>>> print(open('run-v3.txt').read())   # compact mmCIF, C-alpha atoms and all ligand atoms
# COMPACT_ATOMS: atom_id res chain seq x y z
CA MET A 26 -30.03 -72.99 -118.67
CA ALA A 27 -30.73 -69.93 -120.81
CA ARG A 28 -33.86 -69.65 -122.91
CA ILE A 29 -33.44 -68.79 -126.58
CA LEU A 30 -36.16 -67.25 -128.74
CA VAL A 31 -36.00 -68.72 -132.24
CA THR A 32 -38.09 -66.85 -134.81
CA GLY A 33 -38.94 -68.96 -137.85
CA GLY A 34 -38.05 -72.02 -135.79
CA THR A 35 -40.35 -74.41 -137.66
CA GLY A 36 -38.53 -73.58 -140.90
CA TYR A 37 -35.72 -75.53 -142.53
CA ILE A 38 -32.64 -74.03 -140.86
CA GLY A 39 -34.62 -72.93 -137.80
CA SER A 40 -35.85 -76.44 -136.93
CA HIS A 41 -32.36 -77.93 -137.24
CA THR A 42 -31.01 -75.15 -135.04
CA VAL A 43 -33.71 -75.75 -132.40
CA VAL A 44 -32.66 -79.42 -132.25
CA CYS A 45 -29.01 -78.46 -131.70
CA LEU A 46 -29.90 -75.85 -129.06
CA MET A 47 -32.10 -78.26 -127.10
CA GLU A 48 -29.48 -81.02 -127.35
CA GLN A 49 -27.08 -78.57 -125.69
CA GLY A 50 -29.59 -78.08 -122.88
CA TYR A 51 -31.06 -74.72 -123.88
CA ASP A 52 -34.75 -74.00 -123.39
CA VAL A 53 -36.30 -72.79 -126.62
CA VAL A 54 -39.43 -70.89 -127.51
CA ILE A 55 -40.23 -70.83 -131.22
CA ILE A 56 -42.35 -68.15 -132.81
CA ASP A 57 -43.51 -68.75 -136.35
CA ASN A 58 -46.49 -67.60 -138.42
CA LEU A 59 -46.42 -70.94 -140.30
CA SER A 60 -46.60 -69.07 -143.63
CA ASN A 61 -43.87 -71.28 -145.07
CA SER A 62 -43.64 -74.23 -142.65
CA ASN A 63 -45.80 -76.85 -140.91
CA ILE A 64 -46.67 -77.24 -137.24
CA GLU A 65 -45.84 -80.97 -137.54
CA VAL A 66 -42.17 -79.98 -137.51
CA LEU A 67 -42.59 -79.71 -133.71
CA ASP A 68 -43.32 -83.47 -133.61
CA GLY A 69 -40.09 -84.18 -135.48
CA ILE A 70 -38.10 -81.99 -133.10
CA GLU A 71 -39.69 -83.69 -130.08
CA LYS A 72 -38.95 -87.17 -131.45
CA ILE A 73 -35.29 -86.28 -132.02
CA VAL A 74 -34.68 -84.38 -128.78
CA GLY A 75 -37.09 -86.15 -126.42
CA ARG A 76 -38.79 -82.94 -125.32
CA ARG A 77 -40.97 -80.40 -127.10
CA PRO A 78 -39.97 -76.75 -127.59
CA ASP A 79 -42.43 -74.07 -126.52
CA PHE A 80 -44.24 -72.67 -129.57
CA GLU A 81 -46.31 -69.55 -130.27
CA ASN A 82 -48.05 -69.01 -133.60
CA LEU A 83 -46.96 -65.40 -133.98
CA ASP A 84 -45.97 -62.98 -136.70
CA CYS A 85 -42.96 -60.78 -135.91
CA LEU A 86 -44.87 -57.91 -137.54
CA ASP A 87 -47.48 -58.16 -134.76
CA TYR A 88 -45.80 -55.78 -132.31
CA PRO A 89 -48.37 -55.97 -129.44
CA ASN A 90 -48.37 -59.78 -129.34
CA LEU A 91 -44.62 -59.92 -129.79
CA ASP A 92 -44.34 -57.57 -126.79
CA ARG A 93 -46.60 -59.88 -124.79
CA LEU A 94 -44.42 -62.86 -125.76
CA PHE A 95 -41.36 -61.29 -124.14
CA THR A 96 -43.45 -60.63 -121.01
CA ARG A 97 -44.60 -64.26 -120.98
CA TYR A 98 -41.02 -65.52 -121.34
CA PRO A 99 -38.92 -63.16 -119.13
CA ASP A 100 -36.05 -65.66 -119.22
CA ILE A 101 -35.24 -65.08 -122.93
CA GLU A 102 -31.53 -64.29 -123.02
CA ALA A 103 -30.90 -64.35 -126.77
CA ILE A 104 -32.76 -64.35 -130.06
CA ILE A 105 -31.92 -66.25 -133.23
CA HIS A 106 -33.84 -64.50 -136.01
CA PHE A 107 -34.65 -66.70 -139.00
CA ALA A 108 -38.21 -65.58 -139.77
CA ALA A 109 -38.20 -63.90 -143.21
CA SER A 110 -39.47 -64.31 -146.74
CA LYS A 111 -36.64 -65.84 -148.75
CA ALA A 112 -37.59 -66.61 -152.34
CA VAL A 113 -35.38 -64.57 -154.63
CA GLY A 114 -37.78 -64.73 -157.62
CA GLU A 115 -40.88 -63.91 -155.54
CA SER A 116 -39.10 -60.89 -154.07
CA VAL A 117 -38.73 -59.42 -157.57
CA GLU A 118 -42.50 -59.75 -158.12
CA LYS A 119 -43.51 -58.56 -154.61
CA PRO A 120 -40.81 -56.18 -153.35
CA LEU A 121 -43.02 -54.31 -150.85
CA MET A 122 -44.08 -57.56 -149.16
CA TYR A 123 -40.38 -58.41 -148.74
CA TYR A 124 -39.42 -54.97 -147.42
CA ARG A 125 -42.35 -54.85 -145.01
CA ASN A 126 -41.93 -58.41 -143.74
CA ASN A 127 -38.16 -58.78 -143.57
CA ILE A 128 -37.34 -55.28 -142.35
CA GLY A 129 -40.43 -54.66 -140.20
CA SER A 130 -39.87 -57.94 -138.33
CA LEU A 131 -36.29 -57.10 -137.45
CA VAL A 132 -37.13 -53.55 -136.36
CA ASN A 133 -39.84 -54.89 -134.01
CA LEU A 134 -37.44 -57.39 -132.46
CA LEU A 135 -34.67 -54.83 -131.96
CA GLU A 136 -37.09 -52.36 -130.34
CA LEU A 137 -38.43 -55.04 -128.00
CA MET A 138 -34.92 -56.17 -127.07
CA SER A 139 -34.43 -52.74 -125.48
CA VAL A 140 -37.84 -52.79 -123.81
CA HIS A 141 -37.27 -56.24 -122.29
CA ASN A 142 -33.52 -56.02 -121.73
CA VAL A 143 -32.61 -58.87 -124.12
CA LYS A 144 -28.98 -58.32 -124.98
CA HIS A 145 -28.08 -60.76 -127.77
CA ILE A 146 -29.31 -61.46 -131.30
CA VAL A 147 -28.04 -63.79 -134.01
CA PHE A 148 -29.13 -62.67 -137.48
CA SER A 149 -29.61 -65.02 -140.41
CA SER A 150 -27.94 -63.34 -143.38
CA SER A 151 -26.72 -64.63 -146.70
CA CYS A 152 -23.73 -64.69 -149.02
CA THR A 153 -25.97 -62.89 -151.50
CA VAL A 154 -24.70 -59.67 -149.90
CA TYR A 155 -21.44 -60.27 -151.78
CA GLY A 156 -23.11 -60.60 -155.18
CA GLN A 157 -20.61 -62.07 -157.66
CA PRO A 158 -17.22 -61.59 -155.97
CA ASP A 159 -14.40 -60.86 -158.41
CA ALA A 160 -11.63 -63.42 -158.81
CA ALA A 161 -9.45 -61.55 -156.31
CA HIS A 162 -12.12 -62.07 -153.64
CA LEU A 163 -12.70 -65.81 -154.15
CA PRO A 164 -12.94 -67.67 -151.83
CA VAL A 165 -14.95 -64.90 -150.21
CA ASN A 166 -14.18 -63.78 -146.64
CA GLU A 167 -15.97 -61.26 -144.43
CA THR A 168 -13.93 -58.32 -145.71
CA ALA A 169 -15.06 -58.83 -149.32
CA PRO A 170 -16.97 -55.84 -150.68
CA ILE A 171 -20.76 -55.79 -150.36
CA GLN A 172 -22.20 -55.37 -153.84
CA LYS A 173 -25.52 -53.93 -154.93
CA ALA A 174 -28.15 -56.59 -154.33
CA LEU A 175 -29.57 -58.33 -157.40
CA SER A 176 -32.99 -58.80 -155.79
CA PRO A 177 -35.20 -57.21 -153.13
CA TYR A 178 -34.62 -60.38 -151.05
CA GLY A 179 -30.86 -59.84 -151.13
CA ASN A 180 -31.39 -56.13 -150.48
CA THR A 181 -33.38 -56.84 -147.32
CA LYS A 182 -30.42 -58.83 -146.01
CA GLN A 183 -28.07 -55.92 -146.68
CA ILE A 184 -30.45 -53.35 -145.19
CA ASN A 185 -31.04 -55.51 -142.11
CA GLU A 186 -27.31 -55.86 -141.53
CA GLU A 187 -27.02 -52.06 -141.62
CA ILE A 188 -29.99 -51.68 -139.25
CA ILE A 189 -28.24 -54.02 -136.81
CA GLN A 190 -24.97 -52.08 -137.08
CA ASP A 191 -26.73 -48.75 -136.49
CA THR A 192 -28.79 -50.11 -133.58
CA CYS A 193 -25.74 -51.56 -131.85
CA HIS A 194 -23.85 -48.32 -132.44
CA SER A 195 -26.61 -46.42 -130.65
CA ASN A 196 -27.23 -48.96 -127.89
CA ALA A 197 -24.31 -50.54 -126.07
CA ASN A 198 -26.64 -53.09 -124.46
CA ILE A 199 -27.32 -54.92 -127.73
CA HIS A 200 -24.81 -57.40 -129.16
CA ALA A 201 -25.25 -59.07 -132.53
CA THR A 202 -23.75 -61.88 -134.55
CA ILE A 203 -24.41 -61.78 -138.28
CA LEU A 204 -24.13 -65.19 -139.96
CA ARG A 205 -23.80 -65.15 -143.75
CA TYR A 206 -24.93 -68.55 -145.06
CA PHE A 207 -23.84 -70.05 -148.32
CA ASN A 208 -26.06 -72.84 -149.67
CA PRO A 209 -27.67 -74.96 -146.95
CA ILE A 210 -28.59 -78.51 -148.03
CA GLY A 211 -29.45 -81.90 -146.53
CA ALA A 212 -31.56 -83.06 -143.60
CA HIS A 213 -31.16 -84.37 -140.06
CA SER A 214 -29.77 -87.94 -140.07
CA SER A 215 -33.01 -89.19 -138.46
CA ALA A 216 -34.95 -88.04 -141.56
CA LEU A 217 -37.52 -86.67 -139.08
CA ILE A 218 -36.94 -83.04 -140.15
CA GLY A 219 -35.67 -81.58 -143.40
CA GLU A 220 -36.31 -79.07 -146.16
CA LEU A 221 -40.04 -78.76 -146.89
CA PRO A 222 -40.50 -76.17 -149.64
CA ASN A 223 -44.06 -75.03 -150.35
CA GLY A 224 -44.99 -75.69 -153.97
CA VAL A 225 -42.37 -75.89 -156.73
CA PRO A 226 -38.90 -75.66 -155.16
CA ASN A 227 -36.65 -72.78 -156.16
CA ASN A 228 -33.50 -74.31 -154.71
CA LEU A 229 -31.45 -77.03 -156.36
CA LEU A 230 -31.49 -79.83 -153.78
CA PRO A 231 -35.22 -80.14 -153.13
CA PHE A 232 -35.74 -80.12 -156.88
CA VAL A 233 -33.16 -82.91 -157.25
CA THR A 234 -34.73 -85.10 -154.55
CA GLN A 235 -38.28 -84.47 -155.80
CA THR A 236 -37.20 -85.44 -159.32
CA ALA A 237 -35.49 -88.55 -157.94
CA SER A 238 -38.69 -89.49 -156.07
CA GLY A 239 -40.76 -89.04 -159.23
CA LEU A 240 -42.65 -86.00 -157.97
CA ARG A 241 -41.06 -83.86 -160.73
CA GLU A 242 -40.66 -85.05 -164.28
CA LYS A 243 -37.09 -83.82 -164.71
CA LEU A 244 -34.57 -81.36 -163.37
CA ARG A 245 -33.50 -78.38 -165.46
CA VAL A 246 -29.86 -77.37 -165.15
CA PHE A 247 -29.78 -73.62 -165.64
CA GLY A 248 -26.82 -73.24 -167.97
CA ASP A 249 -23.59 -75.06 -168.69
CA ASP A 250 -21.92 -72.21 -170.56
CA TYR A 251 -20.43 -70.41 -167.56
CA ASN A 252 -16.73 -69.75 -167.17
CA THR A 253 -16.28 -72.73 -164.80
CA PRO A 254 -14.53 -76.09 -165.30
CA ASP A 255 -17.67 -77.94 -166.39
CA GLY A 256 -19.67 -74.84 -167.42
CA SER A 257 -22.23 -75.07 -164.61
CA CYS A 258 -22.45 -72.67 -161.65
CA ILE A 259 -20.37 -73.22 -158.53
CA ARG A 260 -21.70 -72.84 -154.97
CA ASP A 261 -20.61 -73.69 -151.42
CA TYR A 262 -23.11 -76.34 -150.30
CA ILE A 263 -23.14 -76.58 -146.50
CA TYR A 264 -24.82 -79.32 -144.45
CA VAL A 265 -27.77 -77.77 -142.60
CA VAL A 266 -26.81 -79.56 -139.36
CA ASP A 267 -23.29 -78.12 -139.53
CA LEU A 268 -24.91 -74.73 -140.15
CA ALA A 269 -27.21 -75.20 -137.14
CA LYS A 270 -24.22 -75.99 -134.92
CA ALA A 271 -22.65 -72.66 -135.88
CA HIS A 272 -25.68 -70.87 -134.41
CA VAL A 273 -25.21 -72.62 -131.08
CA LYS A 274 -21.54 -71.63 -131.13
CA ALA A 275 -22.53 -68.02 -131.83
CA VAL A 276 -25.03 -67.95 -128.95
CA GLU A 277 -22.50 -69.54 -126.57
CA ARG A 278 -19.86 -67.00 -127.60
CA MET A 279 -22.17 -64.07 -126.83
CA LEU A 280 -23.69 -65.44 -123.61
CA SER A 281 -20.23 -66.23 -122.25
CA GLY A 282 -19.10 -62.67 -122.95
CA LYS A 283 -16.34 -63.88 -125.29
CA ALA A 284 -17.51 -61.75 -128.25
CA GLU A 285 -14.75 -59.20 -128.87
CA GLU A 286 -16.89 -56.75 -130.84
CA GLN A 287 -20.46 -55.58 -130.41
CA VAL A 288 -21.25 -56.87 -133.92
CA GLU A 289 -19.40 -59.91 -135.25
CA ILE A 290 -19.81 -61.27 -138.77
CA PHE A 291 -19.06 -64.82 -139.96
CA ASN A 292 -19.23 -66.55 -143.32
CA LEU A 293 -20.67 -70.03 -142.88
CA GLY A 294 -19.54 -72.32 -145.66
CA THR A 295 -17.38 -75.38 -146.21
CA GLY A 296 -14.68 -73.50 -148.10
CA ARG A 297 -15.21 -75.83 -151.07
CA GLY A 298 -17.03 -74.90 -154.26
CA LEU A 299 -19.01 -77.56 -156.11
CA SER A 300 -20.70 -77.23 -159.50
CA VAL A 301 -24.31 -78.11 -160.21
CA LEU A 302 -23.19 -81.02 -162.39
CA GLU A 303 -20.83 -82.28 -159.65
CA ILE A 304 -23.75 -82.23 -157.21
CA LEU A 305 -25.91 -84.18 -159.65
CA ARG A 306 -23.21 -86.76 -160.36
CA THR A 307 -22.57 -87.25 -156.64
CA PHE A 308 -26.27 -87.54 -155.89
CA ILE A 309 -26.70 -90.21 -158.58
CA LYS A 310 -23.70 -92.09 -157.18
CA VAL A 311 -24.87 -92.11 -153.54
CA SER A 312 -28.59 -92.63 -154.22
CA GLY A 313 -28.26 -95.12 -157.06
CA VAL A 314 -31.19 -93.28 -158.67
CA HIS A 315 -31.20 -92.45 -162.37
CA LEU A 316 -31.85 -88.72 -162.28
CA LYS A 317 -33.42 -87.20 -165.37
CA TYR A 318 -32.05 -83.75 -166.09
CA GLU A 319 -31.78 -81.42 -169.04
CA ILE A 320 -29.40 -78.53 -169.66
CA VAL A 321 -31.43 -75.40 -170.39
CA GLY A 322 -30.68 -71.68 -170.56
CA ARG A 323 -29.29 -69.63 -167.69
CA ARG A 324 -31.62 -68.49 -164.87
CA GLU A 325 -31.88 -64.70 -164.58
CA GLY A 326 -30.07 -63.33 -161.53
CA ASP A 327 -27.80 -66.34 -161.01
CA ILE A 328 -24.21 -65.56 -160.19
CA GLU A 329 -21.52 -67.74 -161.74
CA GLN A 330 -19.44 -68.87 -158.80
CA VAL A 331 -19.13 -68.21 -155.09
CA TRP A 332 -17.69 -70.17 -152.21
CA ALA A 333 -16.61 -69.23 -148.70
CA ASP A 334 -13.34 -68.70 -146.95
CA PRO A 335 -14.58 -70.00 -143.54
CA LYS A 336 -11.28 -69.37 -141.74
CA ARG A 337 -12.70 -66.75 -139.37
CA ALA A 338 -15.60 -68.97 -138.29
CA ASN A 339 -13.25 -71.95 -137.94
CA GLU A 340 -10.81 -70.06 -135.73
CA VAL A 341 -13.03 -67.63 -133.81
CA LEU A 342 -16.20 -69.71 -133.42
CA GLY A 343 -14.30 -72.96 -133.17
CA TRP A 344 -16.67 -74.38 -135.77
CA LYS A 345 -16.11 -76.26 -139.05
CA ALA A 346 -18.49 -77.59 -141.71
CA ASP A 347 -16.82 -80.88 -142.52
CA THR A 348 -19.59 -83.39 -143.23
CA PRO A 349 -18.72 -85.13 -146.52
CA VAL A 350 -21.01 -84.02 -149.36
CA GLU A 351 -21.85 -87.67 -150.15
CA GLU A 352 -23.32 -88.05 -146.63
CA VAL A 353 -25.17 -84.75 -146.94
CA LEU A 354 -26.77 -85.66 -150.25
CA LEU A 355 -27.79 -89.05 -148.88
CA SER A 356 -29.44 -87.32 -145.90
CA ALA A 357 -31.49 -85.22 -148.33
CA TRP A 358 -32.50 -88.34 -150.25
CA ASN A 359 -33.45 -90.25 -147.04
CA TRP A 360 -35.62 -87.33 -145.98
CA GLU A 361 -37.34 -87.22 -149.39
CA LYS A 362 -37.93 -90.98 -149.32
CA ARG A 363 -39.51 -90.73 -145.89
CA LEU A 364 -41.70 -87.82 -147.04
CA ARG A 365 -42.93 -89.78 -150.06
CA GLY A 366 -43.19 -93.14 -148.27
CA ILE A 367 -40.47 -94.68 -150.45
CA GLU A 368 -38.42 -97.52 -148.97
C1 LIG A 401 -27.99 -73.13 -156.84
C2 LIG A 401 -27.51 -73.46 -158.25
C3 LIG A 401 -28.88 -72.58 -160.00
C4 LIG A 401 -32.41 -75.02 -159.26
C5 LIG A 401 -30.36 -68.92 -153.24
C6 LIG A 401 -30.39 -67.61 -152.50
C7 LIG A 401 -29.59 -67.74 -151.23
C8 LIG A 401 -30.16 -68.85 -150.42
C9 LIG A 401 -30.03 -70.15 -151.22
C10 LIG A 401 -31.97 -68.27 -148.93
C11 LIG A 401 -27.63 -72.28 -159.21
C12 LIG A 401 -28.88 -74.10 -160.03
C13 LIG A 401 -31.15 -74.46 -159.16
C14 LIG A 401 -32.74 -75.81 -160.40
C15 LIG A 401 -30.53 -75.44 -161.26
N1 LIG A 401 -31.52 -68.58 -150.14
N2 LIG A 401 -30.23 -74.68 -160.13
N3 LIG A 401 -31.77 -75.99 -161.36
O1 LIG A 401 -29.52 -69.29 -156.13
O2 LIG A 401 -27.31 -70.16 -155.15
O3 LIG A 401 -29.04 -69.20 -153.63
O4 LIG A 401 -30.82 -69.96 -152.42
O5 LIG A 401 -31.37 -68.19 -147.89
O6 LIG A 401 -29.69 -66.54 -150.51
O7 LIG A 401 -29.78 -66.64 -153.32
O8 LIG A 401 -29.44 -71.40 -154.70
O9 LIG A 401 -30.33 -73.67 -154.97
O10 LIG A 401 -31.50 -71.75 -156.18
O11 LIG A 401 -29.28 -72.52 -156.98
O12 LIG A 401 -29.68 -75.60 -162.14
O13 LIG A 401 -33.86 -76.34 -160.56
O14 LIG A 401 -28.34 -74.50 -158.78
O15 LIG A 401 -28.83 -72.06 -161.33
O16 LIG A 401 -26.54 -72.30 -160.09
P1 LIG A 401 -28.78 -69.97 -155.03
P2 LIG A 401 -30.23 -72.37 -155.70
>>> encode(input="run-v3.txt", output="structure tokens")
Amino acid sequence: MARILVTGGTGYIGSHTVVCLMEQGYDVVIIDNLSNSNIEVLDGIEKIVGRRPDFENLDCLDYPNLDRLFTRYPDIEAIIHFAASKAVGESVEKPLMYYRNNIGSLVNLLELMSVHNVKHIVFSSSCTVYGQPDAAHLPVNETAPIQKALSPYGNTKQINEEIIQDTCHSNANIHATILRYFNPIGAHSSALIGELPNGVPNNLLPFVTQTASGLREKLRVFGDDYNTPDGSCIRDYIYVVDLAKAHVKAVERMLSGKAEEQVEIFNLGTGRGLSVLEILRTFIKVSGVHLKYEIVGRREGDIEQVWADPKRANEVLGWKADTPVEEVLLSAWNWEKRLRGIE
């Protein structure tokens, strides 16, 4: 069975994708510099799958050692590239770190794909490339206009997509699938892997579960004065395991030669928008936990509402994100309880 290189494979989405790949029989080698994840994730993967992925503590910016990795694993047939810095706020404070890391890593991988004759790459992109779609473009599909990024993080996603397009245009041997994620949430049903943010979480769900577990005093809801039914922002929250399955579908499509274009783009969402307050109400219902939260002012850079039109991924990839949000929120809570030793 083919071997897949997963960069950032001890991260949140990466680890769930490694589990799905290995369950489908793929061999996996993970490279990760562990700057935003823990090596113990490998134990969780092994417990779920029953075998351990190969792992190399490597930074994608380290060209010589990355080159040696491809020599050590000559059977790599495809890459799934997750490794990147991804905190929107941090990217505003440290733009050059984001441009160097996120762009330099991809350029190294693309160069080495030519050197080592690796033909396929799946790139982890984001719905942030759309910015705030106008009403005519909601739900947002892949033809929606790309808008000027609101942060260096979002800009690196846009720039990297263009780098991939240009590279594939100049090199017929490289095929790419660009996956634009909406808002990944939840954890594997075993509660053996999940989201493990370093420090104070930026994203909604880890902050919710950490507040519910007592780690955080209360959750702040950033604004309820938006032009939405309940005034809070709307997002497309997608179960991370459903998202991981889409990556396996993308790899299978490319390895089987079914990809119709050299670069294919898919929006990965549920197609359903949920507001922050709807998420909180549902979490309280499924967890039975009284969640303390306070409505505060808007967070700079937040867009008001975005959710996916996943039709193309449903029809072309044969993939659908259909796990009920109640089940997804409970999976996040079970993971948090296991992390904190709560019964
Ligand atoms: C969701 C909603 C907040 C925290 C970002 C990136 C995106 C992807 C996911 C990397 C917003 C509200 C949040 C809190 C809150 N990142 N919120 N209180 O901003 O939609 O997307 O993370 O791949 O690329 O842009 O996700 O979870 O931060 O926020 O009220 O403590 O929850 O205002 O409306 P976001 P988020």
>>> residues_near_ligand(input="run-v3.txt", ligand="ligand LIG 401 (chain A)", cutoff="9 Å", atoms="all atoms listed in the file", output="count of residues only")
53
>>> closest_residue(input="run-v3.txt", among="A:Val311, A:Val54, A:Ile203, A:Val276", to="Glu187 in chain A", atoms="all atoms listed in the file")
A:Ile203
>>> closest_atom_pairs(input="run-v3.txt", of="range 311-348 of chain A", to="range 268-275 of chain A", cutoff="9 Å", atoms="all atoms listed in the file", output="tab-separated table")
residue	atom	partner	partner_atom	distance
A:Ala338	CA	A:Ala271	CA	8.3
A:Leu342	CA	A:Lys274	CA	6.1
A:Gly343	CA	A:Lys274	CA	7.6
A:Trp344	CA	A:Ala271	CA	6.2
A:Lys345	CA	A:Ala271	CA	8.1
A:Ala346	CA	A:Leu268	CA	7.2
>>> closest_residue(input="run-v3.txt", among="A:Leu94, A:Ala216, A:Ile199, A:Leu364", to="Ser139 in chain A", atoms="all atoms listed in the file")
A:Ile199
>>> axis_aligned_box(input="run-v3.txt", around="range 242-253 of chain A", padding_each_side="5 Å", output="AutoDock Vina command-line options")
--center_x -28.5 --center_y -77.4 --center_z -167.0 --size_x 34.4 --size_y 25.3 --size_z 17.2
>>> closest_residue(input="run-v3.txt", among="A:Ile56, A:Glu285, A:Leu240, A:Tyr155", to="Asn180 in chain A", atoms="all atoms listed in the file")
A:Tyr155
>>> atom_distance(input="run-v3.txt", atom1="CA of Leu86 in chain A", atom2="CA of Leu293 in chain A")
27.6 Å
>>> atom_distance(input="run-v3.txt", atom1="CA of Ala237 in chain A", atom2="CA of Ile263 in chain A")
20.7 Å
>>> atom_distance(input="run-v3.txt", atom1="CA of Phe148 in chain A", atom2="CA of Val117 in chain A")
22.5 Å
>>> residues_around(input="run-v3.txt", residues="Leu46 in chain A", least_positions_apart="3", cutoff="12 Å", atoms="all atoms listed in the file", output="PyMOL selection string")
chain A and resi 26-31+34+39-43+49-55+70+74+76+78+103-105+266+269-277
>>> closest_residue(input="run-v3.txt", among="A:Arg297, A:Lys173, A:Lys310, A:His145", to="Gln157 in chain A", atoms="all atoms listed in the file")
A:Lys173
>>> closest_residue(input="run-v3.txt", among="A:Glu118, A:Glu136, A:Glu303, A:Asp79", to="Asp92 in chain A", atoms="all atoms listed in the file")
A:Glu136
>>> residues_around(input="run-v3.txt", residues="Arg337 in chain A", least_positions_apart="5", cutoff="12 Å", atoms="only C-alpha atoms", output="compact mmCIF listing (two decimals) with C-alpha atoms, in the frame of the given file")
# COMPACT_ATOMS: atom_id res chain seq x y z
CA VAL A 165 -14.95 -64.90 -150.21
CA ASN A 166 -14.18 -63.78 -146.64
CA GLU A 167 -15.97 -61.26 -144.43
CA THR A 168 -13.93 -58.32 -145.71
CA LEU A 204 -24.13 -65.19 -139.96
CA GLU A 289 -19.40 -59.91 -135.25
CA ILE A 290 -19.81 -61.27 -138.77
CA PHE A 291 -19.06 -64.82 -139.96
CA ASN A 292 -19.23 -66.55 -143.32
CA LEU A 293 -20.67 -70.03 -142.88
CA GLY A 294 -19.54 -72.32 -145.66
CA THR A 295 -17.38 -75.38 -146.21
CA GLY A 296 -14.68 -73.50 -148.10
CA LEU A 342 -16.20 -69.71 -133.42
CA GLY A 343 -14.30 -72.96 -133.17
CA TRP A 344 -16.67 -74.38 -135.77
CA LYS A 345 -16.11 -76.26 -139.05
>>> closest_residue(input="run-v3.txt", among="A:Asn198, A:Ser116, A:Ser62, A:Gln190", to="Asn82 in chain A", atoms="only C-alpha atoms")
A:Ser62
>>> closest_atom_pairs(input="run-v3.txt", of="range 169-197 of chain A", to="range 119-132 of chain A", cutoff="7 Å", atoms="all atoms listed in the file", output="tab-separated table")
residue	atom	partner	partner_atom	distance
A:Pro177	CA	A:Pro120	CA	5.7
A:Tyr178	CA	A:Tyr123	CA	6.5
A:Thr181	CA	A:Tyr124	CA	6.3
A:Asn185	CA	A:Ile128	CA	6.3
>>> residues_around(input="run-v3.txt", residues="Val288 in chain A", least_positions_apart="5", cutoff="7 Å", atoms="only C-alpha atoms", output="number ranges by chain")
A: 190, 200-202
>>> residues_near_point(input="run-v3.txt", point="(-9.7, -66.7, -152.5)", cutoff="10 Å", atoms="all atoms listed in the file", output="JSON, numbers by chain")
{"A": [158, 159, 160, 161, 162, 163, 164, 165, 166, 296, 331, 332, 333, 334]}
